[in-house]
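Trainee: As input, take model_20.txt (compact mmCIF, N, CA and C atoms):
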# COMPACT_ATOMS: atom_id res chain seq x y z
N MET I 1 -19.21 4.73 31.59
CA MET I 1 -17.91 4.28 32.01
C MET I 1 -16.85 4.81 31.05
N ILE I 2 -15.80 5.39 31.58
CA ILE I 2 -14.71 5.92 30.77
C ILE I 2 -13.70 4.81 30.52
N GLU I 3 -13.40 4.60 29.23
CA GLU I 3 -12.42 3.57 28.89
C GLU I 3 -11.01 4.11 29.12
N PRO I 4 -10.11 3.27 29.64
CA PRO I 4 -8.74 3.73 29.83
C PRO I 4 -8.06 3.96 28.49
N LYS I 5 -7.13 4.91 28.47
CA LYS I 5 -6.39 5.17 27.25
C LYS I 5 -5.51 3.98 26.92
N LEU I 6 -5.39 3.70 25.64
CA LEU I 6 -4.53 2.62 25.18
C LEU I 6 -3.08 3.04 25.32
N ASN I 7 -2.31 2.22 25.98
CA ASN I 7 -0.89 2.50 26.18
C ASN I 7 -0.09 1.70 25.15
N PRO I 8 0.48 2.36 24.13
CA PRO I 8 1.20 1.63 23.10
C PRO I 8 2.40 0.86 23.64
N ASP I 9 2.95 1.28 24.76
CA ASP I 9 4.10 0.57 25.35
C ASP I 9 3.72 -0.83 25.81
N ARG I 10 2.44 -1.05 26.10
CA ARG I 10 2.02 -2.38 26.56
C ARG I 10 1.83 -3.35 25.39
N LEU I 11 1.83 -2.83 24.16
CA LEU I 11 1.63 -3.67 22.98
C LEU I 11 2.95 -4.22 22.44
N THR I 12 4.04 -3.61 22.80
CA THR I 12 5.36 -3.98 22.27
C THR I 12 6.21 -4.54 23.41
N PRO I 13 6.89 -5.66 23.18
CA PRO I 13 7.76 -6.20 24.22
C PRO I 13 8.78 -5.15 24.67
N PRO I 14 9.14 -5.12 25.96
CA PRO I 14 10.02 -4.08 26.49
C PRO I 14 11.32 -3.89 25.72
N ARG I 15 11.94 -4.98 25.26
CA ARG I 15 13.24 -4.81 24.61
C ARG I 15 13.14 -4.16 23.24
N PHE I 16 11.93 -4.09 22.67
CA PHE I 16 11.77 -3.49 21.35
C PHE I 16 11.07 -2.13 21.39
N ARG I 17 10.65 -1.67 22.56
CA ARG I 17 9.91 -0.42 22.66
C ARG I 17 10.71 0.74 22.09
N GLY I 18 10.11 1.40 21.12
CA GLY I 18 10.72 2.60 20.58
C GLY I 18 11.96 2.35 19.76
N SER I 19 12.31 1.11 19.51
CA SER I 19 13.54 0.84 18.79
C SER I 19 13.31 0.89 17.29
N LEU I 20 14.37 1.10 16.58
CA LEU I 20 14.33 1.08 15.13
C LEU I 20 13.92 -0.31 14.64
N LEU I 21 14.39 -1.33 15.33
CA LEU I 21 14.04 -2.70 14.97
C LEU I 21 12.53 -2.92 15.06
N SER I 22 11.89 -2.41 16.11
CA SER I 22 10.44 -2.60 16.24
C SER I 22 9.70 -1.86 15.13
N ALA I 23 10.21 -0.71 14.72
CA ALA I 23 9.57 0.02 13.64
C ALA I 23 9.61 -0.79 12.34
N PHE I 24 10.75 -1.40 12.06
CA PHE I 24 10.87 -2.24 10.87
C PHE I 24 9.99 -3.48 10.99
N GLN I 25 9.99 -4.10 12.17
CA GLN I 25 9.16 -5.29 12.37
C GLN I 25 7.68 -4.97 12.14
N ASN I 26 7.23 -3.84 12.69
CA ASN I 26 5.83 -3.44 12.52
C ASN I 26 5.51 -3.17 11.05
N GLY I 27 6.43 -2.51 10.37
CA GLY I 27 6.23 -2.22 8.95
C GLY I 27 6.13 -3.48 8.12
N PHE I 28 7.07 -4.41 8.32
CA PHE I 28 7.03 -5.66 7.56
C PHE I 28 5.79 -6.49 7.92
N ARG I 29 5.39 -6.44 9.19
CA ARG I 29 4.18 -7.14 9.60
C ARG I 29 2.97 -6.57 8.87
N GLY I 30 2.91 -5.25 8.77
CA GLY I 30 1.81 -4.59 8.07
C GLY I 30 1.76 -4.97 6.59
N ILE I 31 2.92 -5.03 5.95
CA ILE I 31 2.97 -5.44 4.55
C ILE I 31 2.47 -6.88 4.42
N GLY I 32 2.91 -7.73 5.32
CA GLY I 32 2.47 -9.13 5.28
C GLY I 32 0.97 -9.27 5.47
N ILE I 33 0.42 -8.52 6.42
CA ILE I 33 -1.02 -8.56 6.66
C ILE I 33 -1.78 -8.11 5.42
N ALA I 34 -1.32 -7.02 4.82
CA ALA I 34 -2.00 -6.49 3.63
C ALA I 34 -1.91 -7.48 2.47
N LEU I 35 -0.74 -8.07 2.25
CA LEU I 35 -0.59 -9.04 1.15
C LEU I 35 -1.45 -10.28 1.39
N LYS I 36 -1.53 -10.70 2.63
CA LYS I 36 -2.32 -11.90 2.96
C LYS I 36 -3.82 -11.67 2.76
N ASN I 37 -4.28 -10.47 3.10
CA ASN I 37 -5.72 -10.22 3.15
C ASN I 37 -6.30 -9.42 1.99
N GLU I 38 -5.47 -8.79 1.20
CA GLU I 38 -5.98 -7.89 0.17
C GLU I 38 -5.67 -8.38 -1.23
N ARG I 39 -6.70 -8.88 -1.89
CA ARG I 39 -6.56 -9.41 -3.25
C ARG I 39 -6.01 -8.36 -4.21
N ASN I 40 -6.52 -7.12 -4.13
CA ASN I 40 -6.06 -6.08 -5.05
C ASN I 40 -4.58 -5.78 -4.86
N LEU I 41 -4.11 -5.78 -3.62
CA LEU I 41 -2.69 -5.53 -3.38
C LEU I 41 -1.85 -6.66 -3.97
N ARG I 42 -2.30 -7.90 -3.84
CA ARG I 42 -1.56 -9.02 -4.45
C ARG I 42 -1.52 -8.88 -5.97
N LEU I 43 -2.64 -8.46 -6.55
CA LEU I 43 -2.68 -8.24 -8.00
C LEU I 43 -1.70 -7.13 -8.40
N GLN I 44 -1.71 -6.04 -7.66
CA GLN I 44 -0.81 -4.92 -7.98
C GLN I 44 0.65 -5.30 -7.76
N ALA I 45 0.92 -6.10 -6.74
CA ALA I 45 2.30 -6.57 -6.52
C ALA I 45 2.73 -7.49 -7.66
N GLY I 46 1.80 -8.31 -8.14
CA GLY I 46 2.11 -9.18 -9.29
C GLY I 46 2.42 -8.37 -10.53
N ILE I 47 1.63 -7.33 -10.77
CA ILE I 47 1.88 -6.45 -11.91
C ILE I 47 3.23 -5.77 -11.74
N ALA I 48 3.57 -5.36 -10.52
CA ALA I 48 4.86 -4.73 -10.26
C ALA I 48 6.01 -5.68 -10.61
N ILE I 49 5.86 -6.95 -10.28
CA ILE I 49 6.89 -7.94 -10.61
C ILE I 49 7.04 -8.07 -12.12
N VAL I 50 5.92 -8.10 -12.84
CA VAL I 50 5.97 -8.16 -14.31
C VAL I 50 6.68 -6.93 -14.87
N VAL I 51 6.37 -5.76 -14.32
CA VAL I 51 7.00 -4.51 -14.78
C VAL I 51 8.50 -4.55 -14.51
N ILE I 52 8.90 -5.05 -13.35
CA ILE I 52 10.33 -5.15 -13.02
C ILE I 52 11.03 -6.09 -14.00
N ILE I 53 10.41 -7.22 -14.30
CA ILE I 53 10.99 -8.15 -15.28
C ILE I 53 11.10 -7.48 -16.65
N ALA I 54 10.05 -6.75 -17.05
CA ALA I 54 10.09 -6.04 -18.33
C ALA I 54 11.20 -4.98 -18.32
N GLY I 55 11.39 -4.34 -17.18
CA GLY I 55 12.47 -3.36 -17.06
C GLY I 55 13.84 -3.97 -17.25
N ILE I 56 14.01 -5.18 -16.74
CA ILE I 56 15.27 -5.90 -16.92
C ILE I 56 15.46 -6.28 -18.39
N VAL I 57 14.40 -6.80 -18.99
CA VAL I 57 14.45 -7.22 -20.40
C VAL I 57 14.77 -6.03 -21.30
N TYR I 58 14.10 -4.90 -21.08
CA TYR I 58 14.29 -3.72 -21.92
C TYR I 58 15.41 -2.81 -21.44
N GLN I 59 16.16 -3.24 -20.46
CA GLN I 59 17.34 -2.53 -19.95
C GLN I 59 17.05 -1.04 -19.71
N LEU I 60 16.17 -0.78 -18.77
CA LEU I 60 15.81 0.59 -18.44
C LEU I 60 17.03 1.38 -17.96
N SER I 61 17.00 2.67 -18.24
CA SER I 61 18.07 3.55 -17.74
C SER I 61 17.88 3.78 -16.24
N GLN I 62 18.87 4.38 -15.63
CA GLN I 62 18.79 4.65 -14.20
C GLN I 62 17.60 5.57 -13.89
N LEU I 63 17.39 6.57 -14.71
CA LEU I 63 16.26 7.48 -14.51
C LEU I 63 14.93 6.75 -14.68
N GLU I 64 14.83 5.89 -15.69
CA GLU I 64 13.61 5.12 -15.90
C GLU I 64 13.33 4.20 -14.72
N TRP I 65 14.38 3.57 -14.18
CA TRP I 65 14.20 2.72 -12.99
C TRP I 65 13.70 3.54 -11.81
N ALA I 66 14.25 4.74 -11.66
CA ALA I 66 13.81 5.59 -10.55
C ALA I 66 12.33 5.93 -10.69
N ILE I 67 11.92 6.27 -11.90
CA ILE I 67 10.52 6.63 -12.13
C ILE I 67 9.62 5.42 -11.92
N ILE I 68 10.01 4.28 -12.45
CA ILE I 68 9.21 3.06 -12.28
C ILE I 68 9.12 2.67 -10.81
N SER I 69 10.23 2.75 -10.09
CA SER I 69 10.25 2.39 -8.67
C SER I 69 9.32 3.28 -7.86
N LEU I 70 9.39 4.58 -8.10
CA LEU I 70 8.51 5.51 -7.39
C LEU I 70 7.04 5.27 -7.74
N THR I 71 6.79 4.95 -9.01
CA THR I 71 5.42 4.70 -9.44
C THR I 71 4.86 3.44 -8.78
N ILE I 72 5.66 2.38 -8.73
CA ILE I 72 5.23 1.15 -8.06
C ILE I 72 4.96 1.43 -6.59
N ALA I 73 5.87 2.15 -5.94
CA ALA I 73 5.69 2.47 -4.52
C ALA I 73 4.43 3.30 -4.31
N PHE I 74 4.16 4.22 -5.22
CA PHE I 74 2.99 5.08 -5.14
C PHE I 74 1.70 4.25 -5.18
N VAL I 75 1.61 3.32 -6.11
CA VAL I 75 0.41 2.49 -6.24
C VAL I 75 0.24 1.58 -5.02
N LEU I 76 1.31 0.90 -4.61
CA LEU I 76 1.20 -0.01 -3.47
C LEU I 76 0.88 0.75 -2.18
N THR I 77 1.46 1.93 -2.03
CA THR I 77 1.20 2.73 -0.84
C THR I 77 -0.25 3.20 -0.79
N THR I 78 -0.78 3.68 -1.91
CA THR I 78 -2.17 4.13 -1.89
C THR I 78 -3.12 2.97 -1.62
N GLU I 79 -2.80 1.79 -2.16
CA GLU I 79 -3.65 0.61 -1.89
C GLU I 79 -3.61 0.25 -0.41
N MET I 80 -2.43 0.31 0.20
CA MET I 80 -2.33 -0.03 1.63
C MET I 80 -3.03 1.03 2.49
N LEU I 81 -2.92 2.30 2.12
CA LEU I 81 -3.63 3.34 2.87
C LEU I 81 -5.14 3.18 2.72
N ASN I 82 -5.59 2.81 1.53
CA ASN I 82 -7.00 2.53 1.30
C ASN I 82 -7.46 1.41 2.24
N THR I 83 -6.67 0.36 2.32
CA THR I 83 -6.99 -0.77 3.20
C THR I 83 -7.05 -0.32 4.66
N ALA I 84 -6.09 0.49 5.07
CA ALA I 84 -6.06 0.97 6.46
C ALA I 84 -7.29 1.83 6.77
N ILE I 85 -7.67 2.68 5.83
CA ILE I 85 -8.85 3.53 6.03
C ILE I 85 -10.11 2.67 6.12
N GLU I 86 -10.25 1.71 5.19
CA GLU I 86 -11.44 0.85 5.22
C GLU I 86 -11.50 0.03 6.50
N SER I 87 -10.37 -0.52 6.93
CA SER I 87 -10.35 -1.32 8.17
C SER I 87 -10.70 -0.46 9.38
N THR I 88 -10.19 0.75 9.42
CA THR I 88 -10.48 1.64 10.55
C THR I 88 -11.96 1.99 10.59
N LEU I 89 -12.52 2.31 9.44
CA LEU I 89 -13.94 2.65 9.40
C LEU I 89 -14.82 1.46 9.76
N ASP I 90 -14.43 0.26 9.30
CA ASP I 90 -15.19 -0.94 9.66
C ASP I 90 -15.08 -1.23 11.15
N ARG I 91 -13.95 -0.91 11.75
CA ARG I 91 -13.76 -1.12 13.19
C ARG I 91 -14.64 -0.18 13.99
N ILE I 92 -14.80 1.04 13.49
CA ILE I 92 -15.63 2.03 14.18
C ILE I 92 -17.09 1.60 14.15
N SER I 93 -17.56 1.20 12.95
CA SER I 93 -18.96 0.78 12.83
C SER I 93 -19.17 0.08 11.49
N LEU I 94 -19.94 -1.00 11.53
CA LEU I 94 -20.27 -1.71 10.30
C LEU I 94 -21.60 -1.23 9.70
N GLU I 95 -22.29 -0.34 10.42
CA GLU I 95 -23.57 0.12 9.88
C GLU I 95 -23.34 1.12 8.75
N GLU I 96 -24.27 1.11 7.80
CA GLU I 96 -24.20 1.99 6.64
C GLU I 96 -24.31 3.45 7.10
N HIS I 97 -23.42 4.28 6.56
CA HIS I 97 -23.49 5.71 6.83
C HIS I 97 -22.92 6.43 5.62
N PRO I 98 -23.55 7.50 5.18
CA PRO I 98 -23.06 8.21 3.99
C PRO I 98 -21.62 8.71 4.12
N LEU I 99 -21.22 9.17 5.29
CA LEU I 99 -19.85 9.66 5.46
C LEU I 99 -18.83 8.52 5.37
N THR I 100 -19.21 7.35 5.90
CA THR I 100 -18.33 6.18 5.81
C THR I 100 -18.18 5.78 4.34
N ARG I 101 -19.29 5.73 3.65
CA ARG I 101 -19.23 5.38 2.22
C ARG I 101 -18.39 6.39 1.44
N ASN I 102 -18.58 7.67 1.72
CA ASN I 102 -17.81 8.70 1.03
C ASN I 102 -16.31 8.54 1.30
N ALA I 103 -15.95 8.31 2.55
CA ALA I 103 -14.54 8.16 2.90
C ALA I 103 -13.93 6.96 2.19
N LYS I 104 -14.65 5.85 2.16
CA LYS I 104 -14.15 4.65 1.47
C LYS I 104 -14.03 4.89 -0.03
N ASP I 105 -15.01 5.58 -0.60
CA ASP I 105 -14.97 5.87 -2.04
C ASP I 105 -13.82 6.82 -2.39
N VAL I 106 -13.58 7.81 -1.54
CA VAL I 106 -12.47 8.73 -1.78
C VAL I 106 -11.14 7.99 -1.71
N ALA I 107 -10.99 7.09 -0.73
CA ALA I 107 -9.76 6.30 -0.62
C ALA I 107 -9.60 5.41 -1.85
N ALA I 108 -10.69 4.80 -2.30
CA ALA I 108 -10.62 3.98 -3.51
C ALA I 108 -10.29 4.84 -4.73
N GLY I 109 -10.79 6.06 -4.75
CA GLY I 109 -10.46 6.99 -5.83
C GLY I 109 -8.97 7.31 -5.87
N ALA I 110 -8.36 7.41 -4.71
CA ALA I 110 -6.91 7.65 -4.66
C ALA I 110 -6.15 6.49 -5.30
N VAL I 111 -6.61 5.28 -5.04
CA VAL I 111 -5.98 4.11 -5.66
C VAL I 111 -6.18 4.14 -7.17
N LEU I 112 -7.36 4.52 -7.60
CA LEU I 112 -7.64 4.60 -9.03
C LEU I 112 -6.74 5.63 -9.70
N ILE I 113 -6.58 6.79 -9.09
CA ILE I 113 -5.71 7.83 -9.65
C ILE I 113 -4.26 7.32 -9.74
N SER I 114 -3.78 6.69 -8.68
CA SER I 114 -2.39 6.21 -8.71
C SER I 114 -2.21 5.11 -9.75
N SER I 115 -3.23 4.27 -9.92
CA SER I 115 -3.15 3.20 -10.91
C SER I 115 -3.17 3.76 -12.33
N MET I 116 -4.00 4.76 -12.57
CA MET I 116 -4.04 5.38 -13.90
C MET I 116 -2.71 6.09 -14.19
N ALA I 117 -2.17 6.76 -13.19
CA ALA I 117 -0.87 7.41 -13.37
C ALA I 117 0.21 6.37 -13.68
N ALA I 118 0.16 5.23 -13.02
CA ALA I 118 1.13 4.17 -13.27
C ALA I 118 1.00 3.64 -14.70
N LEU I 119 -0.22 3.52 -15.17
CA LEU I 119 -0.45 3.06 -16.54
C LEU I 119 0.14 4.05 -17.55
N ILE I 120 -0.05 5.33 -17.30
CA ILE I 120 0.52 6.36 -18.18
C ILE I 120 2.04 6.32 -18.14
N VAL I 121 2.62 6.26 -16.95
CA VAL I 121 4.08 6.20 -16.81
C VAL I 121 4.62 4.96 -17.51
N GLY I 122 3.98 3.82 -17.29
CA GLY I 122 4.41 2.59 -17.94
C GLY I 122 4.35 2.71 -19.45
N GLY I 123 3.28 3.30 -19.95
CA GLY I 123 3.16 3.50 -21.39
C GLY I 123 4.24 4.40 -21.95
N LEU I 124 4.52 5.49 -21.24
CA LEU I 124 5.55 6.43 -21.70
C LEU I 124 6.93 5.79 -21.71
N ILE I 125 7.19 4.91 -20.77
CA ILE I 125 8.51 4.30 -20.69
C ILE I 125 8.63 3.07 -21.59
N PHE I 126 7.60 2.21 -21.60
CA PHE I 126 7.73 0.94 -22.31
C PHE I 126 7.26 0.95 -23.76
N LEU I 127 6.26 1.74 -24.10
CA LEU I 127 5.76 1.71 -25.49
C LEU I 127 6.84 2.03 -26.53
N PRO I 128 7.64 3.08 -26.34
CA PRO I 128 8.69 3.34 -27.33
C PRO I 128 9.69 2.16 -27.46
N LYS I 129 9.94 1.48 -26.38
CA LYS I 129 10.87 0.35 -26.40
C LYS I 129 10.26 -0.86 -27.12
N VAL I 130 8.96 -1.08 -26.90
CA VAL I 130 8.28 -2.21 -27.52
C VAL I 130 8.09 -1.94 -29.03
N ILE I 131 7.68 -0.73 -29.38
CA ILE I 131 7.42 -0.38 -30.78
C ILE I 131 8.72 -0.27 -31.56
N GLY I 132 9.72 0.37 -30.93
CA GLY I 132 10.99 0.64 -31.64
C GLY I 132 11.93 -0.44 -31.49
How would this structure read if it were set down as structure tokens?
Mentor:
Amino acid sequence: MIEPKLNPDRLTPPRFRGSLLSAFQNGFRGIGIALKNERNLRLQAGIAIVVIIAGIVYQLSQLEWAIISLTIAFVLTTEMLNTAIESTLDRISLEEHPLTRNAKDVAAGAVLISSMAALIVGGLIFLPKVIG
């Protein structure tokens, strides 16, 4: 039996189809879902809040704020993409498969790289301020 193609227009109420408002609603819904269900994302968001508070305390320059903001966005984005990849693979099949494991590990590796980069950036920006 051939399954019918999924029509995305049937998932969104008619007045919001294709609208900028629906795009924002979907995005905020996705952030909410990820924060509700992903412990690591909540931890990273908590660390981001601490970094923002430290930035206020140490009066970061405009350039430092830009770098910190991009770094925070980079970490949170990779974590959410990791979650999306894992959820998609789990939806396809819950049975063990080497390619599934590899894909999940690669996505987790991306989060690890972004987190290590954030640690380096944070050190470069905050250590001189804390020491000096």
Trainee: Can you measure atom CA of I:Ser93 to atom CA of I:Met80 for me? One decimal in Å is fine.
Mentor: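 Distance between the two atoms: 20.1 Å.
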Trainee: What parts of chain I does DSSP call helix (DSSP H, G or I)? I'd like the answer as an MDAnalysis selection string.
Mentor: chainID I and resid 8:10 14:16 20:37 39:57 62:92 98:131
Trainee: Kindly indicate which residue among I:Ala73, I:Ala103, I:Ile67, I:Leu81 lies nearest to I:Gly122, using all atoms listed in the file for the distances.
Mentor: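 Among the listed residues, the smallest separation from I:Gly122 belongs to I:Ile67.
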Trainee: What's the separation between atom N of I:Ile31 and atom C of I:Glu79, in Å to one decimal place?
Mentor: 10.5 Å
Trainee: What is the distance, in Å and to one decimal place, between atom CA of I:Ile49 and atom CA of I:Ala118?
Mentor: 13.7 Å
Trainee: With distances taken over only C-alpha atoms, which of I:Gln25, I:Leu20, I:Ile52, I:Leu35 is nearest to I:Glu64?
Mentor: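 Looking only at the distances to I:Glu64, the closest residue turns out to be I:Ile52.
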